[in-house]
$ cat protein35.pdb   # PDB, C-alpha atoms
ATOM      1  CA  MET A  18    -197.080-142.274  15.644  1.00  0.00           C
ATOM      2  CA  GLU A  19    -196.216-138.584  15.235  1.00  0.00           C
ATOM      3  CA  LEU A  20    -198.838-136.151  16.514  1.00  0.00           C
ATOM      4  CA  TYR A  21    -199.228-132.407  16.117  1.00  0.00           C
ATOM      5  CA  ALA A  22    -201.323-130.061  18.262  1.00  0.00           C
ATOM      6  CA  GLY A  23    -202.769-126.640  17.615  1.00  0.00           C
ATOM      7  CA  ILE A  24    -204.306-124.407  20.259  1.00  0.00           C
ATOM      8  CA  ASP A  25    -206.627-121.580  19.267  1.00  0.00           C
ATOM      9  CA  LEU A  26    -206.318-119.367  22.335  1.00  0.00           C
ATOM     10  CA  HIS A  27    -208.968-116.910  23.542  1.00  0.00           C
ATOM     11  CA  SER A  28    -209.390-114.845  26.693  1.00  0.00           C
ATOM     12  CA  ASN A  29    -211.228-117.477  28.749  1.00  0.00           C
ATOM     13  CA  ASN A  30    -211.034-120.694  26.718  1.00  0.00           C
ATOM     14  CA  SER A  31    -208.914-122.513  24.177  1.00  0.00           C
ATOM     15  CA  TYR A  32    -209.695-124.977  21.439  1.00  0.00           C
ATOM     16  CA  LEU A  33    -207.224-127.878  21.363  1.00  0.00           C
ATOM     17  CA  GLY A  34    -206.882-129.985  18.237  1.00  0.00           C
ATOM     18  CA  ILE A  35    -204.512-132.936  17.872  1.00  0.00           C
ATOM     19  CA  SER A  36    -203.916-134.664  14.550  1.00  0.00           C
ATOM     20  CA  ASP A  37    -201.630-137.345  13.201  1.00  0.00           C
ATOM     21  CA  ALA A  38    -199.206-137.374  10.259  1.00  0.00           C
ATOM     22  CA  GLU A  39    -202.106-137.939   7.840  1.00  0.00           C
ATOM     23  CA  ASP A  40    -204.172-135.072   9.282  1.00  0.00           C
ATOM     24  CA  ARG A  41    -206.628-137.425  10.989  1.00  0.00           C
ATOM     25  CA  ARG A  42    -208.254-135.522  13.824  1.00  0.00           C
ATOM     26  CA  LEU A  43    -207.666-137.538  16.972  1.00  0.00           C
ATOM     27  CA  TYR A  44    -208.697-135.038  19.634  1.00  0.00           C
ATOM     28  CA  LYS A  45    -210.845-131.911  19.523  1.00  0.00           C
ATOM     29  CA  ARG A  46    -212.240-130.034  22.475  1.00  0.00           C
ATOM     30  CA  ARG A  47    -212.843-126.545  23.836  1.00  0.00           C
ATOM     31  CA  LEU A  48    -211.163-126.197  27.223  1.00  0.00           C
ATOM     32  CA  PRO A  49    -211.209-123.554  29.945  1.00  0.00           C
ATOM     33  CA  ASN A  50    -207.986-121.556  30.198  1.00  0.00           C
ATOM     34  CA  ARG A  51    -206.759-123.452  33.221  1.00  0.00           C
ATOM     35  CA  SER A  52    -203.275-124.905  33.184  1.00  0.00           C
ATOM     36  CA  ASP A  53    -204.286-128.033  35.130  1.00  0.00           C
ATOM     37  CA  VAL A  54    -207.045-128.857  32.634  1.00  0.00           C
ATOM     38  CA  ILE A  55    -204.934-128.247  29.518  1.00  0.00           C
ATOM     39  CA  LEU A  56    -201.988-130.257  30.864  1.00  0.00           C
ATOM     40  CA  ALA A  57    -204.270-133.141  31.859  1.00  0.00           C
ATOM     41  CA  GLU A  58    -205.785-133.266  28.367  1.00  0.00           C
ATOM     42  CA  LEU A  59    -202.350-133.238  26.688  1.00  0.00           C
ATOM     43  CA  GLU A  60    -200.790-135.859  28.961  1.00  0.00           C
ATOM     44  CA  PRO A  61    -202.070-139.000  27.147  1.00  0.00           C
ATOM     45  CA  TYR A  62    -200.443-137.705  23.929  1.00  0.00           C
ATOM     46  CA  ARG A  63    -197.182-136.444  25.467  1.00  0.00           C
ATOM     47  CA  GLU A  64    -194.796-139.080  24.086  1.00  0.00           C
ATOM     48  CA  GLU A  65    -196.043-138.789  20.518  1.00  0.00           C
ATOM     49  CA  LEU A  66    -196.453-135.014  20.269  1.00  0.00           C
ATOM     50  CA  LYS A  67    -193.843-133.515  17.952  1.00  0.00           C
ATOM     51  CA  GLY A  68    -194.972-130.014  18.775  1.00  0.00           C
ATOM     52  CA  ILE A  69    -197.746-127.769  20.023  1.00  0.00           C
ATOM     53  CA  VAL A  70    -198.604-124.579  18.161  1.00  0.00           C
ATOM     54  CA  VAL A  71    -200.026-121.629  20.078  1.00  0.00           C
ATOM     55  CA  GLU A  72    -201.245-118.646  18.097  1.00  0.00           C
ATOM     56  CA  SER A  73    -199.528-115.448  19.222  1.00  0.00           C
ATOM     57  CA  THR A  74    -202.415-113.455  20.660  1.00  0.00           C
ATOM     58  CA  PHE A  75    -202.443-110.854  23.426  1.00  0.00           C
ATOM     59  CA  ASN A  76    -202.459-113.512  26.173  1.00  0.00           C
ATOM     60  CA  TRP A  77    -200.133-116.274  24.944  1.00  0.00           C
ATOM     61  CA  TYR A  78    -197.461-115.927  27.645  1.00  0.00           C
ATOM     62  CA  TRP A  79    -199.087-117.975  30.413  1.00  0.00           C
ATOM     63  CA  LEU A  80    -199.900-120.893  28.103  1.00  0.00           C
ATOM     64  CA  VAL A  81    -196.466-121.036  26.485  1.00  0.00           C
ATOM     65  CA  ASP A  82    -194.863-120.826  29.937  1.00  0.00           C
ATOM     66  CA  ILE A  83    -196.796-123.785  31.368  1.00  0.00           C
ATOM     67  CA  LEU A  84    -196.210-125.887  28.250  1.00  0.00           C
ATOM     68  CA  MET A  85    -192.476-125.159  28.214  1.00  0.00           C
ATOM     69  CA  ASP A  86    -192.228-125.687  31.976  1.00  0.00           C
ATOM     70  CA  ASN A  87    -193.731-129.139  31.384  1.00  0.00           C
ATOM     71  CA  SER A  88    -191.191-129.986  28.640  1.00  0.00           C
ATOM     72  CA  TYR A  89    -193.465-129.698  25.612  1.00  0.00           C
ATOM     73  CA  THR A  90    -192.017-128.463  22.322  1.00  0.00           C
ATOM     74  CA  VAL A  91    -193.864-125.198  21.721  1.00  0.00           C
ATOM     75  CA  HIS A  92    -194.151-123.169  18.531  1.00  0.00           C
ATOM     76  CA  LEU A  93    -195.537-119.645  18.625  1.00  0.00           C
ATOM     77  CA  ALA A  94    -197.441-118.967  15.405  1.00  0.00           C
ATOM     78  CA  ASN A  95    -197.223-115.549  13.805  1.00  0.00           C
ATOM     79  CA  PRO A  96    -200.845-114.736  12.878  1.00  0.00           C
ATOM     80  CA  ALA A  97    -199.852-111.813  10.656  1.00  0.00           C
ATOM     81  CA  ALA A  98    -197.852-114.169   8.442  1.00  0.00           C
ATOM     82  CA  ILE A  99    -200.571-116.819   8.449  1.00  0.00           C
ATOM     83  CA  GLN A 100    -202.944-114.287   6.916  1.00  0.00           C
ATOM     84  CA  GLN A 101    -201.131-114.746   3.604  1.00  0.00           C
ATOM     85  CA  TYR A 102    -202.856-118.152   3.459  1.00  0.00           C
ATOM     86  CA  LYS A 103    -206.223-116.534   4.100  1.00  0.00           C
ATOM     87  CA  GLY A 104    -207.920-118.349   1.231  1.00  0.00           C
ATOM     88  CA  THR A 105    -207.385-121.664   2.990  1.00  0.00           C
ATOM     89  CA  LYS A 106    -207.632-120.585   6.622  1.00  0.00           C
ATOM     90  CA  HIS A 107    -211.016-121.383   8.094  1.00  0.00           C
ATOM     91  CA  SER A 108    -213.095-119.180  10.302  1.00  0.00           C
ATOM     92  CA  ASP A 109    -213.980-121.250  13.360  1.00  0.00           C
ATOM     93  CA  ASP A 110    -211.863-122.203  16.348  1.00  0.00           C
ATOM     94  CA  LYS A 111    -211.824-125.930  15.640  1.00  0.00           C
ATOM     95  CA  ASP A 112    -210.580-125.499  12.082  1.00  0.00           C
ATOM     96  CA  ASP A 113    -208.073-122.851  13.163  1.00  0.00           C
ATOM     97  CA  ALA A 114    -206.535-125.208  15.755  1.00  0.00           C
ATOM     98  CA  PHE A 115    -206.156-127.998  13.206  1.00  0.00           C
ATOM     99  CA  TRP A 116    -204.858-125.543  10.584  1.00  0.00           C
ATOM    100  CA  LEU A 117    -202.043-124.553  12.971  1.00  0.00           C
ATOM    101  CA  ALA A 118    -201.171-128.222  13.565  1.00  0.00           C
ATOM    102  CA  HIS A 119    -201.266-128.856   9.800  1.00  0.00           C
ATOM    103  CA  LEU A 120    -198.850-125.997   9.071  1.00  0.00           C
ATOM    104  CA  LEU A 121    -196.470-127.362  11.711  1.00  0.00           C
ATOM    105  CA  ARG A 122    -196.640-130.862  10.240  1.00  0.00           C
ATOM    106  CA  LEU A 123    -195.821-129.526   6.767  1.00  0.00           C
ATOM    107  CA  GLY A 124    -192.918-127.474   8.112  1.00  0.00           C
ATOM    108  CA  ILE A 125    -194.361-124.190   6.826  1.00  0.00           C
ATOM    109  CA  LEU A 126    -195.624-122.657  10.070  1.00  0.00           C
ATOM    110  CA  PRO A 127    -194.767-118.941  10.209  1.00  0.00           C
ATOM    111  CA  GLU A 128    -193.352-118.543  13.710  1.00  0.00           C
ATOM    112  CA  GLY A 129    -192.891-115.624  16.025  1.00  0.00           C
ATOM    113  CA  TYR A 130    -190.124-115.240  18.554  1.00  0.00           C
ATOM    114  CA  CYS A 131    -190.817-117.164  21.740  1.00  0.00           C
ATOM    115  CA  PRO A 132    -188.453-116.047  24.515  1.00  0.00           C
ATOM    116  CA  VAL A 133    -187.480-118.465  27.242  1.00  0.00           C
ATOM    117  CA  THR A 134    -189.236-117.521  30.478  1.00  0.00           C
ATOM    118  CA  SER A 135    -185.945-116.802  32.224  1.00  0.00           C
ATOM    119  CA  LEU A 136    -185.086-114.201  29.572  1.00  0.00           C
ATOM    120  CA  MET A 137    -188.287-112.286  30.351  1.00  0.00           C
ATOM    121  CA  LEU A 138    -187.449-111.913  34.050  1.00  0.00           C
ATOM    122  CA  ASP A 139    -185.590-109.025  35.635  1.00  0.00           C
ATOM    123  CA  LYS A 140    -182.600-109.725  37.836  1.00  0.00           C
ATOM    124  CA  ASP A 141    -184.832-109.815  40.917  1.00  0.00           C
ATOM    125  CA  GLY A 142    -187.103-112.445  39.324  1.00  0.00           C
ATOM    126  CA  SER A 143    -189.982-110.107  38.434  1.00  0.00           C
ATOM    127  CA  VAL A 144    -191.375-109.736  34.946  1.00  0.00           C
TER     128      VAL A 144
END

$ encode --input "protein35.pdb" --output "structure tokens"
Amino acid sequence: MELYAGIDLHSNNSYLGISDAEDRRLYKRRLPNRSDVILAELEPYREELKGIVVESTFNWYWLVDILMDNSYTVHLANPAAIQQYKGTKHSDDKDDAFWLAHLLRLGILPEGYCPVTSLMLDKDGSV
């Protein structure tokens, strides 16, 4: 079964939504912004996840880094481009997370550039 995840990221919590190829909502939960918690919640779905969408907000770096470091396929959504679908975008975190996963499933997710962690480091290893 192919699964798609969307994460609506905030300063101290994230809403994780996972749906299948028919948009059935299989998992929905607000989580603290702790890498151990988020990775533990994703682990049961790892083999079937085709991708995880993270909305490009001011604090996306840490989440994308831990997901990529743990071999997840990550897509960084471009929220400015998603606004063109404003008539169908919902206003709460749960719906936003599933909307991101839905756009990925349909192949119409507007993406931003997501640099590989090593490209963001200086020669001495600092950011």

$ atom_distance --input "protein35.pdb" --atom1 "atom CA of Lys45 of chain A" --atom2 "atom CA of Tyr32 of chain A"
7.3 Å

$ resolve_selection --input "protein35.pdb" --expression "the PyMOL selection byres ((chain A and resi 73) around 7)" --output "CSV table (one decimal) with C-alpha atoms, keeping the file's coordinate frame"
chain,number,residue,atom,x,y,z
A,71,VAL,CA,-200.0,-121.6,20.1
A,72,GLU,CA,-201.2,-118.6,18.1
A,74,THR,CA,-202.4,-113.5,20.7
A,75,PHE,CA,-202.4,-110.9,23.4
A,77,TRP,CA,-200.1,-116.3,24.9
A,93,LEU,CA,-195.5,-119.6,18.6
A,94,ALA,CA,-197.4,-119.0,15.4
A,95,ASN,CA,-197.2,-115.5,13.8
A,96,PRO,CA,-200.8,-114.7,12.9

$ resolve_selection --input "protein35.pdb" --expression "the PyMOL selection byres ((chain A and resi 111-128) around 12)" --output "number ranges by chain"
A: 19-27, 31-48, 66-73, 90-103, 105-110, 129-131

$ atom_distance --input "protein35.pdb" --atom1 "atom CA of Pro49 of chain A" --atom2 "atom CA of Asn29 of chain A"
6.2 Å

$ resolve_selection --input "protein35.pdb" --expression "the PyMOL selection byres ((chain A and resi 87) around 12)" --output "list in words"
Ser52, Asp53, Ile55, Leu56, Ala57, Leu59, Glu60, Arg63, Leu80, Val81, Asp82, Ile83, Leu84, Met85, Asp86, Ser88, Tyr89, Thr90 and Val91 of chain A

$ axis_aligned_box --input "protein35.pdb" --around "segment 120-128 of chain A" --padding-each-side "5 Å" --output "lines of an AutoDock Vina configuration file"
center_x = -195.9
center_y = -124.7
center_z = 10.2
size_x = 15.9
size_y = 22.3
size_z = 16.9
